[in-house]
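Raw data-v2.txt, compact mmCIF, N, CA and C atoms:
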# COMPACT_ATOMS: atom_id res chain seq x y z
N MET A 793 0.82 -1.21 0.00
CA MET A 793 0.00 0.00 0.00
C MET A 793 0.86 1.27 0.00
N HIS A 794 2.05 1.18 0.59
CA HIS A 794 2.97 2.31 0.63
C HIS A 794 3.25 2.82 -0.78
N TYR A 795 3.42 1.89 -1.72
CA TYR A 795 3.70 2.26 -3.10
C TYR A 795 2.56 3.09 -3.68
N LEU A 796 1.33 2.69 -3.41
CA LEU A 796 0.17 3.38 -3.97
C LEU A 796 -0.10 4.73 -3.33
N THR A 797 0.39 4.94 -2.12
CA THR A 797 0.11 6.19 -1.43
C THR A 797 1.26 7.19 -1.50
N ARG A 798 2.43 6.75 -1.96
CA ARG A 798 3.59 7.64 -1.93
C ARG A 798 4.25 7.86 -3.29
N TYR A 799 4.12 6.92 -4.17
CA TYR A 799 4.87 6.99 -5.43
C TYR A 799 4.01 7.42 -6.61
N HIS A 800 4.69 8.05 -7.55
CA HIS A 800 4.09 8.45 -8.81
C HIS A 800 4.55 7.43 -9.83
N THR A 801 3.71 7.12 -10.78
CA THR A 801 4.11 6.13 -11.78
C THR A 801 3.41 6.38 -13.10
N VAL A 802 4.04 5.91 -14.16
CA VAL A 802 3.47 5.99 -15.50
C VAL A 802 3.13 4.57 -15.93
N LEU A 803 1.89 4.35 -16.28
CA LEU A 803 1.45 3.05 -16.79
C LEU A 803 0.63 3.28 -18.05
N PHE A 804 1.06 2.65 -19.13
CA PHE A 804 0.33 2.70 -20.39
C PHE A 804 0.01 4.13 -20.83
N GLY A 805 1.00 5.00 -20.68
CA GLY A 805 0.87 6.35 -21.19
C GLY A 805 0.13 7.32 -20.29
N LYS A 806 -0.14 6.93 -19.06
CA LYS A 806 -0.86 7.81 -18.15
C LYS A 806 -0.09 7.93 -16.84
N LEU A 807 0.02 9.16 -16.33
CA LEU A 807 0.71 9.42 -15.07
C LEU A 807 -0.28 9.31 -13.93
N TYR A 808 0.08 8.49 -12.95
CA TYR A 808 -0.74 8.33 -11.75
C TYR A 808 -0.01 8.99 -10.59
N VAL A 809 -0.73 9.82 -9.84
CA VAL A 809 -0.14 10.50 -8.70
C VAL A 809 -0.92 10.14 -7.44
N PRO A 810 -0.22 10.01 -6.30
CA PRO A 810 -0.90 9.72 -5.04
C PRO A 810 -1.46 11.00 -4.43
N ASP A 811 -2.13 10.87 -3.33
CA ASP A 811 -2.68 12.03 -2.63
C ASP A 811 -1.59 13.02 -2.22
N ALA A 812 -0.36 12.53 -2.04
CA ALA A 812 0.75 13.39 -1.65
C ALA A 812 1.02 14.49 -2.68
N TRP A 813 0.55 14.31 -3.90
CA TRP A 813 0.72 15.32 -4.95
C TRP A 813 0.21 16.68 -4.48
N ASP A 814 -0.92 16.69 -3.78
CA ASP A 814 -1.52 17.94 -3.31
C ASP A 814 -0.65 18.66 -2.29
N GLU A 815 0.25 17.93 -1.62
CA GLU A 815 1.11 18.52 -0.60
C GLU A 815 2.45 18.99 -1.16
N MET A 816 2.74 18.67 -2.40
CA MET A 816 4.03 19.04 -3.00
C MET A 816 4.02 20.51 -3.41
N ASP A 817 5.19 21.16 -3.24
CA ASP A 817 5.28 22.54 -3.72
C ASP A 817 5.50 22.54 -5.24
N ASP A 818 5.40 23.70 -5.84
CA ASP A 818 5.49 23.79 -7.30
C ASP A 818 6.83 23.31 -7.84
N ASP A 819 7.94 23.62 -7.13
CA ASP A 819 9.26 23.17 -7.59
C ASP A 819 9.33 21.65 -7.63
N ALA A 820 8.85 21.01 -6.58
CA ALA A 820 8.88 19.54 -6.52
C ALA A 820 8.01 18.93 -7.62
N ARG A 821 6.87 19.54 -7.87
CA ARG A 821 6.00 19.05 -8.95
C ARG A 821 6.68 19.18 -10.31
N TYR A 822 7.35 20.30 -10.51
CA TYR A 822 8.05 20.55 -11.77
C TYR A 822 9.12 19.49 -12.02
N VAL A 823 9.93 19.21 -11.00
CA VAL A 823 10.98 18.20 -11.11
C VAL A 823 10.36 16.84 -11.39
N LEU A 824 9.32 16.50 -10.67
CA LEU A 824 8.66 15.21 -10.86
C LEU A 824 8.08 15.08 -12.27
N LEU A 825 7.42 16.11 -12.74
CA LEU A 825 6.83 16.05 -14.08
C LEU A 825 7.89 15.91 -15.17
N ARG A 826 9.04 16.56 -14.99
CA ARG A 826 10.13 16.39 -15.97
C ARG A 826 10.60 14.95 -15.99
N HIS A 827 10.73 14.36 -14.80
CA HIS A 827 11.16 12.96 -14.67
C HIS A 827 10.15 12.03 -15.35
N GLU A 828 8.89 12.19 -15.03
CA GLU A 828 7.87 11.30 -15.57
C GLU A 828 7.67 11.51 -17.07
N ARG A 829 7.90 12.73 -17.55
CA ARG A 829 7.80 12.98 -18.98
C ARG A 829 8.81 12.14 -19.76
N VAL A 830 9.98 11.94 -19.18
CA VAL A 830 10.98 11.08 -19.81
C VAL A 830 10.42 9.66 -19.95
N HIS A 831 9.77 9.17 -18.90
CA HIS A 831 9.18 7.82 -18.97
C HIS A 831 8.09 7.74 -20.05
N LEU A 832 7.34 8.80 -20.23
CA LEU A 832 6.33 8.80 -21.30
C LEU A 832 7.00 8.74 -22.67
N ARG A 833 8.11 9.46 -22.83
CA ARG A 833 8.85 9.40 -24.10
C ARG A 833 9.47 8.02 -24.31
N GLN A 834 9.97 7.43 -23.24
CA GLN A 834 10.55 6.09 -23.34
C GLN A 834 9.49 5.08 -23.77
N ARG A 835 8.31 5.20 -23.21
CA ARG A 835 7.21 4.31 -23.57
C ARG A 835 6.86 4.45 -25.05
N ARG A 836 6.82 5.69 -25.52
CA ARG A 836 6.51 5.92 -26.92
C ARG A 836 7.61 5.34 -27.81
N ARG A 837 8.86 5.47 -27.38
CA ARG A 837 10.00 4.97 -28.16
C ARG A 837 10.06 3.44 -28.14
N MET A 838 9.82 2.81 -26.98
CA MET A 838 9.96 1.37 -26.83
C MET A 838 8.68 0.59 -27.05
N GLY A 839 7.55 1.21 -26.76
CA GLY A 839 6.29 0.49 -26.77
C GLY A 839 6.01 -0.08 -25.39
N ASP A 840 4.74 -0.36 -25.11
CA ASP A 840 4.35 -0.83 -23.78
C ASP A 840 5.01 -2.15 -23.39
N LEU A 841 4.97 -3.11 -24.27
CA LEU A 841 5.48 -4.44 -23.92
C LEU A 841 6.99 -4.42 -23.68
N THR A 842 7.73 -3.81 -24.58
CA THR A 842 9.19 -3.76 -24.41
C THR A 842 9.57 -3.01 -23.16
N MET A 843 8.94 -1.86 -22.92
CA MET A 843 9.29 -1.09 -21.72
C MET A 843 8.96 -1.89 -20.47
N ALA A 844 7.82 -2.55 -20.45
CA ALA A 844 7.45 -3.35 -19.28
C ALA A 844 8.47 -4.47 -19.05
N LEU A 845 8.88 -5.12 -20.11
CA LEU A 845 9.86 -6.20 -19.96
C LEU A 845 11.21 -5.68 -19.47
N VAL A 846 11.68 -4.60 -20.07
CA VAL A 846 12.96 -4.02 -19.66
C VAL A 846 12.89 -3.54 -18.22
N TYR A 847 11.80 -2.92 -17.84
CA TYR A 847 11.68 -2.35 -16.51
C TYR A 847 11.43 -3.41 -15.44
N LEU A 848 10.61 -4.38 -15.76
CA LEU A 848 10.18 -5.33 -14.73
C LEU A 848 11.04 -6.58 -14.63
N LEU A 849 11.82 -6.89 -15.65
CA LEU A 849 12.63 -8.11 -15.61
C LEU A 849 14.09 -7.79 -15.29
N PRO A 850 14.45 -7.85 -14.03
CA PRO A 850 15.85 -7.61 -13.69
C PRO A 850 16.72 -8.79 -14.09
N VAL A 851 18.02 -8.58 -14.00
CA VAL A 851 18.97 -9.64 -14.30
C VAL A 851 18.73 -10.82 -13.36
N LEU A 852 18.49 -10.56 -12.12
CA LEU A 852 18.16 -11.56 -11.10
C LEU A 852 16.80 -11.19 -10.52
N PRO A 853 16.19 -12.03 -9.68
CA PRO A 853 14.89 -11.66 -9.11
C PRO A 853 14.89 -10.28 -8.44
N LEU A 854 15.91 -9.96 -7.73
CA LEU A 854 16.11 -8.60 -7.19
C LEU A 854 17.58 -8.28 -7.41
N PHE A 855 17.92 -7.05 -7.30
CA PHE A 855 19.30 -6.60 -7.47
C PHE A 855 19.71 -6.66 -8.95
N LEU A 856 20.59 -5.77 -9.31
CA LEU A 856 21.14 -5.71 -10.65
C LEU A 856 20.09 -5.67 -11.75
N ALA A 857 19.11 -4.84 -11.59
CA ALA A 857 18.08 -4.66 -12.62
C ALA A 857 18.58 -3.61 -13.60
N TRP A 858 19.45 -4.03 -14.50
CA TRP A 858 20.13 -3.11 -15.40
C TRP A 858 19.16 -2.33 -16.28
N GLY A 859 18.14 -2.99 -16.81
CA GLY A 859 17.16 -2.30 -17.65
C GLY A 859 16.43 -1.21 -16.90
N ARG A 860 15.99 -1.52 -15.69
CA ARG A 860 15.31 -0.53 -14.85
C ARG A 860 16.26 0.60 -14.52
N ALA A 861 17.51 0.29 -14.20
CA ALA A 861 18.49 1.32 -13.87
C ALA A 861 18.70 2.26 -15.05
N ARG A 862 18.77 1.72 -16.25
CA ARG A 862 18.93 2.56 -17.45
C ARG A 862 17.74 3.48 -17.65
N ILE A 863 16.55 2.92 -17.52
CA ILE A 863 15.32 3.71 -17.71
C ILE A 863 15.26 4.84 -16.69
N GLU A 864 15.51 4.52 -15.43
CA GLU A 864 15.45 5.55 -14.39
C GLU A 864 16.58 6.56 -14.52
N TRP A 865 17.76 6.10 -14.94
CA TRP A 865 18.88 7.03 -15.07
C TRP A 865 18.57 8.12 -16.08
N GLU A 866 18.01 7.74 -17.19
CA GLU A 866 17.65 8.72 -18.21
C GLU A 866 16.70 9.77 -17.63
N ALA A 867 15.76 9.35 -16.82
CA ALA A 867 14.81 10.29 -16.22
C ALA A 867 15.47 11.14 -15.13
N TYR A 868 16.36 10.56 -14.33
CA TYR A 868 17.03 11.35 -13.28
C TYR A 868 18.00 12.36 -13.88
N VAL A 869 18.67 12.01 -14.96
CA VAL A 869 19.56 12.97 -15.62
C VAL A 869 18.76 14.20 -16.05
N GLU A 870 17.57 13.98 -16.53
CA GLU A 870 16.70 15.09 -16.98
C GLU A 870 16.37 16.05 -15.84
N THR A 871 16.28 15.55 -14.62
CA THR A 871 15.87 16.40 -13.51
C THR A 871 17.04 16.98 -12.73
N ASP A 872 18.27 16.64 -13.07
CA ASP A 872 19.42 17.14 -12.34
C ASP A 872 19.80 18.53 -12.83
N PRO A 873 19.96 19.48 -11.92
CA PRO A 873 20.24 20.86 -12.32
C PRO A 873 21.59 21.04 -13.00
N ARG A 874 22.54 20.13 -12.76
CA ARG A 874 23.84 20.25 -13.41
C ARG A 874 23.78 19.83 -14.87
N HIS A 875 22.80 19.01 -15.19
CA HIS A 875 22.61 18.59 -16.57
C HIS A 875 21.67 19.56 -17.31
N ARG A 876 20.64 20.01 -16.62
CA ARG A 876 19.65 20.91 -17.21
C ARG A 876 19.93 22.31 -16.71
N GLY A 877 20.63 23.12 -17.49
CA GLY A 877 20.98 24.46 -17.08
C GLY A 877 19.79 25.31 -16.68
N SER A 878 18.62 25.02 -17.24
CA SER A 878 17.45 25.83 -16.94
C SER A 878 16.77 25.41 -15.64
N LEU A 879 17.17 24.31 -15.07
CA LEU A 879 16.49 23.79 -13.89
C LEU A 879 17.34 24.06 -12.65
N ARG A 880 16.96 25.07 -11.92
CA ARG A 880 17.74 25.46 -10.74
C ARG A 880 16.84 25.54 -9.51
N THR A 881 16.13 24.50 -9.24
CA THR A 881 15.19 24.53 -8.12
C THR A 881 15.77 23.84 -6.90
N ARG A 882 15.26 24.21 -5.74
CA ARG A 882 15.65 23.56 -4.49
C ARG A 882 15.41 22.07 -4.56
N ALA A 883 14.27 21.69 -5.11
CA ALA A 883 13.91 20.27 -5.18
C ALA A 883 14.92 19.48 -6.01
N ALA A 884 15.35 20.05 -7.12
CA ALA A 884 16.31 19.34 -7.97
C ALA A 884 17.67 19.24 -7.29
N ARG A 885 18.11 20.31 -6.63
CA ARG A 885 19.43 20.30 -5.98
C ARG A 885 19.47 19.28 -4.83
N SER A 886 18.35 19.01 -4.23
CA SER A 886 18.34 18.07 -3.10
C SER A 886 18.20 16.62 -3.54
N LEU A 887 18.20 16.38 -4.83
CA LEU A 887 17.98 15.02 -5.34
C LEU A 887 19.16 14.07 -5.16
N GLU A 888 20.37 14.56 -5.01
CA GLU A 888 21.54 13.67 -5.03
C GLU A 888 21.42 12.51 -4.05
N ASP A 889 21.21 12.81 -2.77
CA ASP A 889 21.10 11.73 -1.78
C ASP A 889 19.90 10.85 -2.07
N GLU A 890 18.83 11.46 -2.51
CA GLU A 890 17.62 10.70 -2.80
C GLU A 890 17.81 9.74 -3.97
N ILE A 891 18.53 10.16 -5.00
CA ILE A 891 18.79 9.29 -6.15
C ILE A 891 19.61 8.08 -5.71
N VAL A 892 20.66 8.34 -4.94
CA VAL A 892 21.50 7.23 -4.46
C VAL A 892 20.68 6.28 -3.62
N ARG A 893 19.89 6.82 -2.70
CA ARG A 893 19.07 5.98 -1.83
C ARG A 893 18.12 5.11 -2.64
N ARG A 894 17.51 5.69 -3.65
CA ARG A 894 16.56 4.92 -4.46
C ARG A 894 17.24 3.84 -5.28
N TYR A 895 18.39 4.13 -5.84
CA TYR A 895 19.09 3.14 -6.66
C TYR A 895 19.54 1.94 -5.83
N VAL A 896 20.05 2.20 -4.64
CA VAL A 896 20.64 1.12 -3.85
C VAL A 896 19.68 0.51 -2.83
N GLY A 897 18.48 1.05 -2.73
CA GLY A 897 17.54 0.59 -1.72
C GLY A 897 16.31 -0.11 -2.29
N PRO A 898 15.34 -0.34 -1.43
CA PRO A 898 14.16 -1.13 -1.81
C PRO A 898 13.17 -0.42 -2.73
N ASP A 899 13.26 0.90 -2.89
CA ASP A 899 12.28 1.62 -3.70
C ASP A 899 12.15 1.03 -5.10
N TYR A 900 13.27 0.69 -5.70
CA TYR A 900 13.28 0.11 -7.04
C TYR A 900 13.82 -1.31 -7.02
N GLY A 901 13.69 -1.99 -5.90
CA GLY A 901 14.13 -3.38 -5.80
C GLY A 901 15.65 -3.52 -5.84
N TRP A 902 16.36 -2.58 -5.21
CA TRP A 902 17.82 -2.61 -5.17
C TRP A 902 18.38 -2.75 -6.58
N MET A 903 17.88 -1.93 -7.49
CA MET A 903 18.18 -2.12 -8.91
C MET A 903 19.65 -1.97 -9.26
N TRP A 904 20.37 -1.14 -8.56
CA TRP A 904 21.80 -1.00 -8.86
C TRP A 904 22.52 -0.75 -7.53
N PRO A 905 22.79 -1.81 -6.77
CA PRO A 905 23.26 -1.67 -5.38
C PRO A 905 24.75 -1.36 -5.25
N PHE A 906 25.19 -0.33 -5.94
CA PHE A 906 26.58 0.09 -5.88
C PHE A 906 26.61 1.57 -5.50
N PRO A 907 26.46 1.90 -4.22
CA PRO A 907 26.31 3.30 -3.82
C PRO A 907 27.46 4.20 -4.23
N ARG A 908 28.69 3.72 -4.16
CA ARG A 908 29.82 4.58 -4.55
C ARG A 908 29.76 4.93 -6.03
N ARG A 909 29.38 3.97 -6.87
CA ARG A 909 29.28 4.23 -8.31
C ARG A 909 28.15 5.21 -8.62
N VAL A 910 27.00 4.97 -8.00
CA VAL A 910 25.86 5.86 -8.24
C VAL A 910 26.18 7.27 -7.73
N ARG A 911 26.74 7.36 -6.53
CA ARG A 911 27.07 8.69 -5.99
C ARG A 911 28.12 9.39 -6.85
N ALA A 912 29.08 8.68 -7.36
CA ALA A 912 30.09 9.29 -8.23
C ALA A 912 29.44 9.87 -9.48
N MET A 913 28.52 9.13 -10.07
CA MET A 913 27.86 9.62 -11.28
C MET A 913 27.02 10.85 -10.95
N VAL A 914 26.31 10.81 -9.83
CA VAL A 914 25.44 11.93 -9.47
C VAL A 914 26.28 13.14 -9.06
N SER A 915 27.29 12.94 -8.23
CA SER A 915 28.06 14.07 -7.70
C SER A 915 28.93 14.74 -8.74
N THR A 916 29.28 14.05 -9.82
CA THR A 916 30.07 14.68 -10.87
C THR A 916 29.18 15.32 -11.93
N GLY A 917 27.91 15.39 -11.65
CA GLY A 917 27.01 16.04 -12.59
C GLY A 917 26.74 15.19 -13.81
N HIS A 918 26.86 13.88 -13.66
CA HIS A 918 26.55 12.95 -14.75
C HIS A 918 27.49 13.10 -15.92
N ARG A 919 28.70 13.61 -15.66
CA ARG A 919 29.68 13.72 -16.74
C ARG A 919 29.82 12.39 -17.45
N GLY A 920 29.54 12.38 -18.72
CA GLY A 920 29.66 11.16 -19.50
C GLY A 920 28.52 10.20 -19.29
N ALA A 921 27.55 10.54 -18.46
CA ALA A 921 26.45 9.63 -18.18
C ALA A 921 25.15 10.11 -18.80
N ARG A 922 25.23 10.98 -19.77
CA ARG A 922 24.00 11.43 -20.41
C ARG A 922 23.35 10.30 -21.19
N ASN A 923 24.16 9.36 -21.63
CA ASN A 923 23.62 8.16 -22.23
C ASN A 923 23.23 7.24 -21.07
N ALA A 924 21.99 6.87 -21.02
CA ALA A 924 21.50 6.07 -19.90
C ALA A 924 22.29 4.78 -19.73
N GLY A 925 22.93 4.29 -20.76
CA GLY A 925 23.70 3.07 -20.66
C GLY A 925 24.93 3.23 -19.78
N ASP A 926 25.35 4.45 -19.55
CA ASP A 926 26.55 4.67 -18.74
C ASP A 926 26.36 4.31 -17.28
N VAL A 927 25.15 4.08 -16.85
CA VAL A 927 24.91 3.69 -15.47
C VAL A 927 25.63 2.39 -15.16
N ALA A 928 25.84 1.57 -16.15
CA ALA A 928 26.47 0.26 -15.92
C ALA A 928 27.99 0.35 -15.90
N ASN A 929 28.55 1.42 -16.34
CA ASN A 929 30.01 1.51 -16.45
C ASN A 929 30.64 1.83 -15.11

Encoded form using structure tokens:
Amino acid sequence: MHYLTRYHTVLFGKLYVPDAWDEMDDDARYVLLRHERVHLRQRRRMGDLTMALVYLLPVLPLFLAWGRARIEWEAYVETDPRHRGSLRTRAARSLEDEIVRRYVGPDYGWMWPFPRRVRAMVSTGHRGARNAGDVAN
């Protein structure tokens, strides 16, 4: 139930938001919408079935979900202020710790449990990581 009350998600071309949406400030909403817009573009590019397979089928039952990590990385790069010169919000600047926590923790099924690697990519402003595939390097 925590997932349904706290997380935003895109399914079949539609963005679903929890009740917490009403409590978010405008900056946080802006960052979130930029992130989810990337997922909508990915869905259009990959199609529903391919995106679902890439996102939901990790390398192992949990941990090392490379496809999910790539999909999310592309969306997180979009919301990072060091990558997007026009995005200079408090919400975006505070994302670094949150991105690392999400990648290495249960939010995404421990999709890429290498905190030093994820933090290095985030803290260097995604240098060289604009291609979502760089998350694996």

Query raised in the report: What is the atom N of Asp814 of chain A to atom C of Val802 of chain A distance in Å?
Result: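 According to the coordinates, atom N of Asp814 of chain A and atom C of Val802 of chain A are separated by 17.6 Å.
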
Query raised in the report: Of the candidates A:Ala857, A:Asp817, A:Ala867, A:Ala912, which shows the shortest atom-to-atom distance to Tyr900 of chain A, using only N, CA and C atoms?
Result: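 Closest residue, counting only N, CA and C atoms: A:Ala857.
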
Query raised in the report: If you measure from atom CA of Leu845 of chain A to atom CA of Gly859 of chain A, what distance in Å do you get, rounded to one decimal?
Result: 8.6 Å

Report task. For Tyr847 of chain A, please output as a ChimeraX atom specification all residues within 8 Å (counting all atoms listed in the file; exclusion window: fewer than 6 positions along the same chain). Result -> /A:841,857-861,863-864

Put those residues in a file: N, CA and C atoms, as a PDB file, in the coordinates of the input.
ATOM      1  N   LEU A 841       4.970  -3.110 -24.270  1.00  0.00           N
ATOM      2  CA  LEU A 841       5.480  -4.440 -23.920  1.00  0.00           C
ATOM      3  C   LEU A 841       6.990  -4.420 -23.680  1.00  0.00           C
ATOM      4  N   ALA A 857      19.110  -4.840 -11.590  1.00  0.00           N
ATOM      5  CA  ALA A 857      18.080  -4.660 -12.620  1.00  0.00           C
ATOM      6  C   ALA A 857      18.580  -3.610 -13.600  1.00  0.00           C
ATOM      7  N   TRP A 858      19.450  -4.030 -14.500  1.00  0.00           N
ATOM      8  CA  TRP A 858      20.130  -3.110 -15.400  1.00  0.00           C
ATOM      9  C   TRP A 858      19.160  -2.330 -16.280  1.00  0.00           C
ATOM     10  N   GLY A 859      18.140  -2.990 -16.810  1.00  0.00           N
ATOM     11  CA  GLY A 859      17.160  -2.300 -17.650  1.00  0.00           C
ATOM     12  C   GLY A 859      16.430  -1.210 -16.900  1.00  0.00           C
ATOM     13  N   ARG A 860      15.990  -1.520 -15.690  1.00  0.00           N
ATOM     14  CA  ARG A 860      15.310  -0.530 -14.850  1.00  0.00           C
ATOM     15  C   ARG A 860      16.260   0.600 -14.520  1.00  0.00           C
ATOM     16  N   ALA A 861      17.510   0.290 -14.200  1.00  0.00           N
ATOM     17  CA  ALA A 861      18.490   1.320 -13.870  1.00  0.00           C
ATOM     18  C   ALA A 861      18.700   2.260 -15.050  1.00  0.00           C
ATOM     19  N   ILE A 863      16.550   2.920 -17.520  1.00  0.00           N
ATOM     20  CA  ILE A 863      15.320   3.710 -17.710  1.00  0.00           C
ATOM     21  C   ILE A 863      15.260   4.840 -16.690  1.00  0.00           C
ATOM     22  N   GLU A 864      15.510   4.520 -15.430  1.00  0.00           N
ATOM     23  CA  GLU A 864      15.450   5.550 -14.390  1.00  0.00           C
ATOM     24  C   GLU A 864      16.580   6.560 -14.520  1.00  0.00           C
TER      25      GLU A 864
END

Requested in this report: Identify, on the basis of only C-alpha atoms, every residue whose closest approach to Leu832 of chain A does not exceed 12 Å; exclude the query and any residue fewer than 5 positions from it along the same chain; express the result as JSON, numbers by chain.
Outcome: {"A": [801, 802, 803, 804, 805, 806, 807, 808, 825, 826, 827, 837, 838, 839, 840, 843, 863, 864, 866, 867]}

Requested in this report: Could you please determine the separation between atom N of Arg836 of chain A and atom C of Trp865 of chain A in Å, to one decimal place?
Outcome: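 Calculated distance between atom N of Arg836 of chain A and atom C of Trp865 of chain A is 15.3 Å.
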
Query - Which of A:Thr871, A:Phe855, A:Val846, A:His800 sits closest to Asp819 of chain A [using only C-alpha atoms] - result: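 Going through A:Thr871, A:Phe855, A:Val846, A:His800 one by one, the smallest distance to Asp819 of chain A is for A:Thr871.
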
Requested in this report: Write out as a ChimeraX atom specification the residues lying within 7 Å of Phe906 of chain A, counting all atoms listed in the file and excluding same-chain residues fewer than 4 positions away.
Outcome: /A:895-896,910-911
